[in-house]
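Okay, coords-v3.cif now, which holds mmCIF, C-alpha atoms:
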data_start
#
loop_
_atom_site.group_PDB
_atom_site.id
_atom_site.type_symbol
_atom_site.label_atom_id
_atom_site.label_comp_id
_atom_site.auth_asym_id
_atom_site.auth_seq_id
_atom_site.Cartn_x
_atom_site.Cartn_y
_atom_site.Cartn_z
ATOM 1 C CA MET A 1 -8.986 -39.377 -35.664
ATOM 2 C CA ALA A 2 -8.472 -37.456 -32.414
ATOM 3 C CA ASP A 3 -10.057 -34.012 -32.466
ATOM 4 C CA ILE A 4 -7.120 -32.177 -30.893
ATOM 5 C CA LEU A 5 -4.792 -29.415 -31.997
ATOM 6 C CA SER A 6 -1.307 -30.791 -32.617
ATOM 7 C CA ASP A 7 1.870 -29.041 -31.477
ATOM 8 C CA ARG A 8 2.734 -28.257 -35.093
ATOM 9 C CA ARG A 9 -0.601 -26.645 -35.886
ATOM 10 C CA PHE A 10 -0.639 -24.629 -32.656
ATOM 11 C CA ARG A 11 2.815 -23.280 -33.521
ATOM 12 C CA GLN A 12 1.562 -22.307 -36.978
ATOM 13 C CA VAL A 13 -1.439 -20.457 -35.559
ATOM 14 C CA ALA A 14 0.673 -18.794 -32.860
ATOM 15 C CA GLY A 15 3.261 -17.785 -35.455
ATOM 16 C CA LEU A 16 0.591 -16.232 -37.675
ATOM 17 C CA ILE A 17 -0.864 -14.208 -34.793
ATOM 18 C CA GLU A 18 2.525 -12.972 -33.595
ATOM 19 C CA ARG A 19 3.657 -12.053 -37.114
ATOM 20 C CA ASP A 20 0.506 -10.204 -38.145
ATOM 21 C CA ILE A 21 -0.833 -8.818 -34.857
ATOM 22 C CA GLY A 22 2.201 -8.755 -32.591
ATOM 23 C CA ILE A 23 0.530 -10.858 -29.885
ATOM 24 C CA LYS A 24 2.350 -13.853 -28.437
ATOM 25 C CA LEU A 25 0.227 -16.924 -27.732
ATOM 26 C CA PRO A 26 1.919 -18.895 -24.932
ATOM 27 C CA ALA A 27 1.265 -22.584 -24.388
ATOM 28 C CA VAL A 28 -1.234 -21.780 -21.623
ATOM 29 C CA LYS A 29 -3.514 -20.309 -24.300
ATOM 30 C CA ARG A 30 -3.560 -23.521 -26.302
ATOM 31 C CA THR A 31 -6.820 -24.878 -24.898
ATOM 32 C CA MET A 32 -8.567 -21.572 -25.593
ATOM 33 C CA VAL A 33 -7.219 -21.448 -29.150
ATOM 34 C CA GLU A 34 -8.157 -25.072 -29.779
ATOM 35 C CA GLY A 35 -11.725 -24.554 -28.561
ATOM 36 C CA ARG A 36 -12.305 -21.501 -30.735
ATOM 37 C CA LEU A 37 -10.784 -23.069 -33.828
ATOM 38 C CA ARG A 38 -12.830 -26.235 -33.280
ATOM 39 C CA LYS A 39 -16.048 -24.230 -33.162
ATOM 40 C CA ARG A 40 -15.208 -22.535 -36.447
ATOM 41 C CA ALA A 41 -14.148 -25.819 -38.058
ATOM 42 C CA ARG A 42 -17.449 -27.477 -37.205
ATOM 43 C CA SER A 43 -19.394 -24.542 -38.577
ATOM 44 C CA LEU A 44 -17.721 -25.387 -41.898
ATOM 45 C CA GLY A 45 -18.489 -29.086 -41.593
ATOM 46 C CA ILE A 46 -14.910 -30.023 -40.629
ATOM 47 C CA MET A 47 -15.038 -32.307 -37.612
ATOM 48 C CA ASP A 48 -11.330 -32.272 -36.751
ATOM 49 C CA VAL A 49 -9.554 -29.104 -35.626
ATOM 50 C CA ASP A 50 -6.154 -30.271 -36.918
ATOM 51 C CA GLU A 51 -7.705 -30.980 -40.308
ATOM 52 C CA TYR A 52 -9.096 -27.433 -40.328
ATOM 53 C CA CYS A 53 -5.640 -26.018 -39.590
ATOM 54 C CA GLY A 54 -4.195 -28.212 -42.323
ATOM 55 C CA ALA A 55 -6.672 -26.714 -44.749
ATOM 56 C CA LEU A 56 -5.671 -23.236 -43.559
ATOM 57 C CA PHE A 57 -1.928 -23.609 -43.922
ATOM 58 C CA ASP A 58 -1.530 -26.314 -46.558
ATOM 59 C CA ASP A 59 -4.553 -26.022 -48.845
ATOM 60 C CA GLY A 60 -5.037 -22.253 -49.172
ATOM 61 C CA LEU A 61 -8.119 -21.926 -46.962
ATOM 62 C CA LEU A 62 -6.414 -19.153 -44.986
ATOM 63 C CA GLU A 63 -7.044 -16.766 -47.873
ATOM 64 C CA THR A 64 -10.773 -16.766 -47.133
ATOM 65 C CA GLU A 65 -10.589 -17.660 -43.427
ATOM 66 C CA TYR A 66 -7.987 -15.115 -42.357
ATOM 67 C CA GLN A 67 -10.348 -12.613 -40.713
ATOM 68 C CA HIS A 68 -12.248 -15.426 -38.980
ATOM 69 C CA VAL A 69 -8.992 -16.721 -37.481
ATOM 70 C CA ILE A 70 -8.052 -13.228 -36.284
ATOM 71 C CA ASP A 71 -11.520 -12.719 -34.797
ATOM 72 C CA MET A 72 -11.428 -16.066 -33.021
ATOM 73 C CA VAL A 73 -8.018 -15.776 -31.446
ATOM 74 C CA THR A 74 -7.900 -12.142 -30.349
ATOM 75 C CA THR A 75 -9.139 -11.405 -26.829
ATOM 76 C CA ASN A 76 -11.645 -8.593 -26.383
ATOM 77 C CA LYS A 77 -12.091 -7.447 -22.803
ATOM 78 C CA THR A 78 -13.769 -4.091 -22.297
ATOM 79 C CA ASP A 79 -16.085 -2.294 -19.893
ATOM 80 C CA PHE A 80 -17.866 1.037 -19.722
ATOM 81 C CA PHE A 81 -15.939 3.576 -17.610
ATOM 82 C CA ARG A 82 -13.007 1.178 -17.199
ATOM 83 C CA GLU A 83 -10.152 2.974 -15.379
ATOM 84 C CA ALA A 84 -12.569 5.812 -14.699
ATOM 85 C CA GLU A 85 -9.891 8.339 -13.697
ATOM 86 C CA HIS A 86 -8.966 8.685 -17.367
ATOM 87 C CA PHE A 87 -12.454 9.938 -18.173
ATOM 88 C CA ASP A 88 -12.290 12.288 -15.207
ATOM 89 C CA PHE A 89 -9.023 13.663 -16.653
ATOM 90 C CA LEU A 90 -10.689 13.991 -20.051
ATOM 91 C CA ALA A 91 -13.493 16.122 -18.596
ATOM 92 C CA ARG A 92 -11.538 18.160 -16.041
ATOM 93 C CA VAL A 93 -8.202 18.714 -17.785
ATOM 94 C CA ALA A 94 -7.911 17.586 -21.397
ATOM 95 C CA VAL A 95 -11.041 19.102 -22.920
ATOM 96 C CA PRO A 96 -10.717 22.486 -21.170
ATOM 97 C CA LYS A 97 -7.087 22.762 -22.345
ATOM 98 C CA LEU A 98 -7.999 21.711 -25.872
ATOM 99 C CA MET A 99 -10.853 24.203 -26.014
ATOM 100 C CA GLU A 100 -8.447 27.031 -25.113
ATOM 101 C CA ARG A 101 -6.851 26.655 -28.546
ATOM 102 C CA PRO A 102 -8.416 28.306 -31.627
ATOM 103 C CA ARG A 103 -10.616 25.729 -33.360
ATOM 104 C CA ALA A 104 -12.431 27.673 -36.111
ATOM 105 C CA GLY A 105 -15.480 25.473 -35.630
ATOM 106 C CA ARG A 106 -13.465 22.265 -35.846
ATOM 107 C CA PRO A 107 -14.974 19.445 -33.740
ATOM 108 C CA LEU A 108 -13.043 17.661 -31.045
ATOM 109 C CA LYS A 109 -11.639 14.406 -32.424
ATOM 110 C CA MET A 110 -11.163 11.363 -30.221
ATOM 111 C CA TRP A 111 -9.719 7.962 -31.177
ATOM 112 C CA SER A 112 -10.347 4.754 -29.262
ATOM 113 C CA ALA A 113 -7.658 2.398 -30.540
ATOM 114 C CA ALA A 114 -8.331 -1.292 -29.796
ATOM 115 C CA ALA A 115 -11.983 -0.325 -29.281
ATOM 116 C CA SER A 116 -13.295 -3.890 -28.963
ATOM 117 C CA THR A 117 -17.109 -3.853 -28.687
ATOM 118 C CA GLY A 118 -17.255 -0.078 -28.286
ATOM 119 C CA ALA A 119 -17.632 0.453 -24.542
ATOM 120 C CA GLU A 120 -14.658 2.811 -24.394
ATOM 121 C CA ALA A 121 -15.740 4.839 -27.424
ATOM 122 C CA TYR A 122 -19.278 5.256 -26.103
ATOM 123 C CA THR A 123 -17.981 6.143 -22.646
ATOM 124 C CA ILE A 124 -15.966 8.942 -24.262
ATOM 125 C CA ALA A 125 -19.112 9.982 -26.136
ATOM 126 C CA MET A 126 -21.115 10.197 -22.902
ATOM 127 C CA VAL A 127 -18.449 12.331 -21.225
ATOM 128 C CA LEU A 128 -18.224 14.691 -24.197
ATOM 129 C CA ALA A 129 -22.007 14.904 -24.554
ATOM 130 C CA GLU A 130 -22.238 16.012 -20.924
ATOM 131 C CA LEU A 131 -19.616 18.703 -21.514
ATOM 132 C CA ALA A 132 -21.500 19.858 -24.593
ATOM 133 C CA LEU A 133 -24.721 20.126 -22.570
ATOM 134 C CA GLU A 134 -22.851 22.336 -20.110
ATOM 135 C CA GLY A 135 -21.692 24.565 -22.949
ATOM 136 C CA ARG A 136 -18.045 23.563 -22.532
ATOM 137 C CA ILE A 137 -17.773 22.176 -26.079
ATOM 138 C CA ALA A 138 -19.090 24.565 -28.683
ATOM 139 C CA SER A 139 -17.695 22.875 -31.776
ATOM 140 C CA GLY A 140 -19.150 19.370 -31.471
ATOM 141 C CA PHE A 141 -17.181 16.130 -31.325
ATOM 142 C CA ARG A 142 -16.378 13.035 -33.367
ATOM 143 C CA ILE A 143 -15.121 9.694 -32.081
ATOM 144 C CA LEU A 144 -13.356 6.945 -34.029
ATOM 145 C CA GLY A 145 -13.090 3.402 -32.709
ATOM 146 C CA THR A 146 -10.727 0.903 -34.359
ATOM 147 C CA ASP A 147 -9.983 -2.750 -33.784
ATOM 148 C CA ILE A 148 -8.409 -5.758 -35.502
ATOM 149 C CA SER A 149 -11.587 -7.840 -35.076
ATOM 150 C CA SER A 150 -14.466 -7.347 -37.483
ATOM 151 C CA GLN A 151 -16.826 -9.232 -35.163
ATOM 152 C CA VAL A 152 -16.427 -6.875 -32.216
ATOM 153 C CA LEU A 153 -16.728 -3.862 -34.495
ATOM 154 C CA GLU A 154 -20.136 -5.066 -35.644
ATOM 155 C CA VAL A 155 -21.241 -5.176 -32.008
ATOM 156 C CA ALA A 156 -19.881 -1.662 -31.529
ATOM 157 C CA ARG A 157 -21.706 -0.301 -34.573
ATOM 158 C CA ARG A 158 -25.021 -1.699 -33.337
ATOM 159 C CA GLY A 159 -24.464 -0.285 -29.864
ATOM 160 C CA ILE A 160 -26.586 -3.012 -28.245
ATOM 161 C CA TYR A 161 -25.410 -4.489 -24.933
ATOM 162 C CA PRO A 162 -26.722 -6.644 -22.064
ATOM 163 C CA GLU A 163 -28.259 -4.506 -19.342
ATOM 164 C CA GLU A 164 -25.648 -5.761 -16.879
ATOM 165 C CA ALA A 165 -22.905 -4.180 -19.013
ATOM 166 C CA MET A 166 -24.284 -0.764 -18.044
ATOM 167 C CA ALA A 167 -23.671 -1.245 -14.320
ATOM 168 C CA PRO A 168 -20.537 1.004 -14.292
ATOM 169 C CA VAL A 169 -22.381 3.852 -16.056
ATOM 170 C CA PRO A 170 -23.573 6.521 -13.585
ATOM 171 C CA PRO A 171 -27.403 6.481 -13.309
ATOM 172 C CA ALA A 172 -27.826 10.021 -14.669
ATOM 173 C CA LEU A 173 -25.825 9.146 -17.791
ATOM 174 C CA ARG A 174 -27.705 5.888 -18.170
ATOM 175 C CA ARG A 175 -30.998 7.767 -18.209
ATOM 176 C CA ARG A 176 -29.788 10.211 -20.845
ATOM 177 C CA TYR A 177 -27.721 8.026 -23.163
ATOM 178 C CA VAL A 178 -28.972 4.437 -22.856
ATOM 179 C CA MET A 179 -32.310 3.093 -24.097
ATOM 180 C CA ARG A 180 -33.781 -0.031 -22.510
ATOM 181 C CA HIS A 181 -35.422 -2.648 -24.689
ATOM 182 C CA ARG A 182 -39.204 -2.416 -24.858
ATOM 183 C CA ASP A 183 -39.420 -6.064 -23.873
ATOM 184 C CA PRO A 184 -38.046 -6.340 -20.299
ATOM 185 C CA ALA A 185 -37.460 -10.040 -20.860
ATOM 186 C CA ARG A 186 -34.746 -9.192 -23.389
ATOM 187 C CA ALA A 187 -32.559 -7.498 -20.728
ATOM 188 C CA GLU A 188 -30.870 -5.468 -23.448
ATOM 189 C CA CYS A 189 -30.176 -1.802 -23.972
ATOM 190 C CA ARG A 190 -28.855 0.425 -26.727
ATOM 191 C CA ILE A 191 -26.776 3.575 -26.937
ATOM 192 C CA VAL A 192 -28.936 6.518 -28.052
ATOM 193 C CA PRO A 193 -28.862 7.466 -31.761
ATOM 194 C CA GLU A 194 -27.166 10.820 -31.119
ATOM 195 C CA LEU A 195 -24.076 9.158 -29.662
ATOM 196 C CA ARG A 196 -24.029 6.403 -32.271
ATOM 197 C CA ALA A 197 -24.156 9.067 -34.985
ATOM 198 C CA ALA A 198 -21.115 10.810 -33.476
ATOM 199 C CA THR A 199 -19.108 7.579 -33.308
ATOM 200 C CA ALA A 200 -17.625 5.631 -36.232
ATOM 201 C CA PHE A 201 -15.828 2.294 -36.223
ATOM 202 C CA GLN A 202 -13.309 0.858 -38.656
ATOM 203 C CA LEU A 203 -10.991 -2.116 -39.007
ATOM 204 C CA LEU A 204 -7.361 -1.340 -38.188
ATOM 205 C CA ASN A 205 -4.313 -3.407 -37.259
ATOM 206 C CA LEU A 206 -1.964 -1.573 -34.902
ATOM 207 C CA MET A 207 0.919 -3.575 -36.391
ATOM 208 C CA GLU A 208 0.570 -1.742 -39.708
ATOM 209 C CA THR A 209 3.369 0.711 -40.448
ATOM 210 C CA SER A 210 0.887 3.543 -41.056
ATOM 211 C CA TYR A 211 -2.705 4.182 -40.032
ATOM 212 C CA ALA A 212 -5.514 5.464 -42.253
ATOM 213 C CA VAL A 213 -6.626 7.914 -39.570
ATOM 214 C CA ASP A 214 -6.682 11.727 -39.448
ATOM 215 C CA GLY A 215 -3.463 13.391 -38.322
ATOM 216 C CA ASP A 216 -5.120 15.970 -36.068
ATOM 217 C CA ILE A 217 -6.621 13.856 -33.287
ATOM 218 C CA ASP A 218 -7.160 15.621 -29.959
ATOM 219 C CA VAL A 219 -7.123 12.596 -27.635
ATOM 220 C CA ILE A 220 -6.102 8.992 -28.340
ATOM 221 C CA PHE A 221 -6.997 6.174 -25.953
ATOM 222 C CA CYS A 222 -4.894 3.024 -26.423
ATOM 223 C CA ARG A 223 -5.439 1.077 -23.236
ATOM 224 C CA ASN A 224 -4.850 -2.502 -22.177
ATOM 225 C CA VAL A 225 -3.699 -3.795 -25.545
ATOM 226 C CA LEU A 226 0.007 -2.920 -25.439
ATOM 227 C CA ILE A 227 0.508 -5.491 -22.669
ATOM 228 C CA TYR A 228 0.161 -8.218 -25.317
ATOM 229 C CA PHE A 229 3.081 -6.816 -27.353
ATOM 230 C CA GLU A 230 6.835 -7.099 -26.929
ATOM 231 C CA ARG A 231 8.537 -3.869 -25.762
ATOM 232 C CA PRO A 232 9.901 -2.816 -29.209
ATOM 233 C CA THR A 233 6.414 -3.278 -30.694
ATOM 234 C CA GLN A 234 4.834 -1.262 -27.882
ATOM 235 C CA GLU A 235 7.205 1.616 -28.512
ATOM 236 C CA ALA A 236 6.652 1.527 -32.287
ATOM 237 C CA VAL A 237 2.857 1.501 -31.909
ATOM 238 C CA LEU A 238 2.890 4.413 -29.476
ATOM 239 C CA ALA A 239 5.169 6.427 -31.755
ATOM 240 C CA ARG A 240 2.790 5.895 -34.675
ATOM 241 C CA LEU A 241 -0.198 6.855 -32.547
ATOM 242 C CA ALA A 242 1.484 9.976 -31.193
ATOM 243 C CA ALA A 243 2.176 11.098 -34.750
ATOM 244 C CA HIS A 244 -1.608 11.401 -35.240
ATOM 245 C CA LEU A 245 -2.020 13.874 -32.368
ATOM 246 C CA ARG A 246 -2.453 17.562 -33.051
ATOM 247 C CA PRO A 247 -0.112 19.821 -31.029
ATOM 248 C CA GLY A 248 -1.360 19.851 -27.451
ATOM 249 C CA GLY A 249 -3.239 16.568 -27.930
ATOM 250 C CA PHE A 250 -3.192 13.744 -25.376
ATOM 251 C CA LEU A 251 -2.274 10.044 -25.561
ATOM 252 C CA ILE A 252 -3.691 7.796 -22.826
ATOM 253 C CA VAL A 253 -2.592 4.199 -22.116
ATOM 254 C CA GLY A 254 -3.671 1.616 -19.534
ATOM 255 C CA HIS A 255 -2.355 1.531 -15.970
ATOM 256 C CA SER A 256 -0.314 -1.597 -16.667
ATOM 257 C CA GLU A 257 1.383 0.007 -19.675
ATOM 258 C CA THR A 258 3.048 3.080 -18.184
ATOM 259 C CA ALA A 259 6.614 2.101 -19.096
ATOM 260 C CA ALA A 260 5.775 1.695 -22.777
ATOM 261 C CA GLY A 261 5.828 5.446 -23.415
ATOM 262 C CA ALA A 262 9.127 6.159 -21.671
ATOM 263 C CA THR A 263 11.006 6.587 -24.957
ATOM 264 C CA LEU A 264 8.337 8.603 -26.786
ATOM 265 C CA ARG A 265 9.684 11.694 -28.481
ATOM 266 C CA GLY A 266 7.820 14.939 -29.065
ATOM 267 C CA VAL A 267 5.562 14.407 -26.056
ATOM 268 C CA ARG A 268 5.743 15.232 -22.375
ATOM 269 C CA SER A 269 4.479 13.159 -19.488
ATOM 270 C CA VAL A 270 1.376 14.590 -17.812
ATOM 271 C CA MET A 271 0.640 11.615 -15.560
ATOM 272 C CA SER A 272 2.020 8.087 -15.359
ATOM 273 C CA THR A 273 -0.359 6.934 -18.102
ATOM 274 C CA ILE A 274 -0.881 10.170 -20.057
ATOM 275 C CA TRP A 275 1.325 12.116 -22.469
ATOM 276 C CA GLN A 276 0.722 15.411 -24.250
ATOM 277 C CA ARG A 277 2.122 16.260 -27.651
ATOM 278 C CA GLU A 278 4.422 19.238 -27.481
ATOM 279 C CA GLU A 279 3.219 22.555 -28.827
ATOM 280 C CA GLY A 280 4.645 23.793 -32.094
ATOM 281 C CA ARG A 281 4.976 20.321 -33.599
ATOM 282 C CA ALA A 282 3.008 19.853 -36.806
#
What is this structure when it is put down as C-alpha cells?
Amino acid sequence: MADILSDRRFRQVAGLIERDIGIKLPAVKRTMVEGRLRKRARSLGIMDVDEYCGALFDDGLLETEYQHVIDMVTTNKTDFFREAEHFDFLARVAVPKLMERPRAGRPLKMWSAAASTGAEAYTIAMVLAELALEGRIASGFRILGTDISSQVLEVARRGIYPEEAMAPVPPALRRRYVMRHRDPARAECRIVPELRAATAFQLLNLMETSYAVDGDIDVIFCRNVLIYFERPTQEAVLARLAAHLRPGGFLIVGHSETAAGATLRGVRSVMSTIWQREEGRA
C-alpha cells in the first residue's frame, strides 16, 4: 500500500477547508497537506495517509478529528511588529482620536482577528502599555485575539516564544515586556504577566455568519488572512467585522488586502489599509 494522498482524498480535504474556512487549497499545496495529514495519521497508529482520509470521510472519524484537520491545514504566519506602520498609526492617530470621545471609564477594546500564535495581539498590548505609562490612556485596555486553530491559540495563551522571535521588538519594549528564561540554554522568553492578563484568546471562524464578540470594539486588526479568501468572502468578512466597531473605531487590514474594503458601507477610508466607522452609527 503506497503511503500517498490520492486525488480523490485531496479533493475531499480541499473541499472541506474551502466550505468551512473559505480558504482554497490549490494543487501546489498538496505535498504540504499530505505531509501534515500523514503525521497526524501516524500519531493515531494509521500508517497510510489515504486510509486516514478514508476513515475521516467514510467512517465518521471526522467528527472527532475535525479540529485536528483544521489545525493541520491552516497556515499560521505571524511576527511581532509586522507591518510596523500600523502600530505607529495606532499610537499616533487612532488612540488619541479614540480618547477624545467620552469613555466613562470604559477601557479601550482591541481585536486581533486571525491572531495565530499571538504576536500581533501582544504587539498591540506593548504599544498600549507604553501609551498608558505616558498617561495617554487613563481607562485601561483589553485585547481579544481570535483564530480558527486551537493549537496556535494555546501558544498565544502561554505567551512563550523563541528568543529569535523577539528580534523585531524594540529593545526598550523587550526590556519592559519580555522575560527571558532563567536557563540561557532554553533560548526562550515570555510575555510579562501584566500583558497576558490584559489579553484573551478564543476560537473563532471568520466564515461564521455572526461573531460572539463585543459590538463596541475600538480597533480591529484583520491582516494577511483575507488574501486566502475569494473576493465575495473577503467583503462579507469585512462587513461583519466592521459591524463590531463602535462609532469612530478603526478597521485595519494587511497591505496586500487594500481592495477588499472598497465596498464597505458605513466606514470611510483613512489610509489605503485603514477604515474608520462613521460617527453617529450605532
Run through the PyMOL selection byres ((chain A and resi 131-139) around 6) on the given coordinates and return the selected residues as a PyMOL selection string. chain A and resi 105-107+128-130+140
Expressed in Å, the length from CA of Val49 (chain A) to CA of Glu34 (chain A) is 7.2 Å
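In terms of minimum interatomic distance to Ala125 (chain A), A:Ile191 ranks closest within A:Ile160, A:Ala94, A:Ile191, A:Leu226, counting all atoms listed in the file.
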Apply the PyMOL selection byres ((chain A and resi 219) around 8) to the structure shown and report the selected residues as a ChimeraX atom specification. /A:109-111,217-218,220-221,245,249-252
Residues at most 10 Å from region 24-27 of chain A, counting all atoms listed in the file, excluding those fewer than 6 positions away in the same chain, as a list of chain:residue names? A:Asp7, A:Phe10, A:Arg11, A:Val13, A:Ala14, A:Gly15, A:Leu16, A:Ile17, A:Glu18, A:Val33, A:Val73, A:Thr74, A:Tyr228, A:Phe229, A:Glu230
Considering only C-alpha atoms, state which residue in the set A:Val192, A:Ile21, A:Leu153, A:Glu83 is at the smallest distance from Gln234 (chain A). A:Ile21
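Note that the spacing between CA of Trp275 (chain A) and CA of Val95 (chain A) amounts to 14.2 Å.
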Any chance you could resolve the PyMOL selection byres ((chain A and resi 176) around 12) against this file and give the residues as a VMD selection string? chain A and resid 125 to 127 129 to 130 133 169 to 175 177 to 180 190 to 195
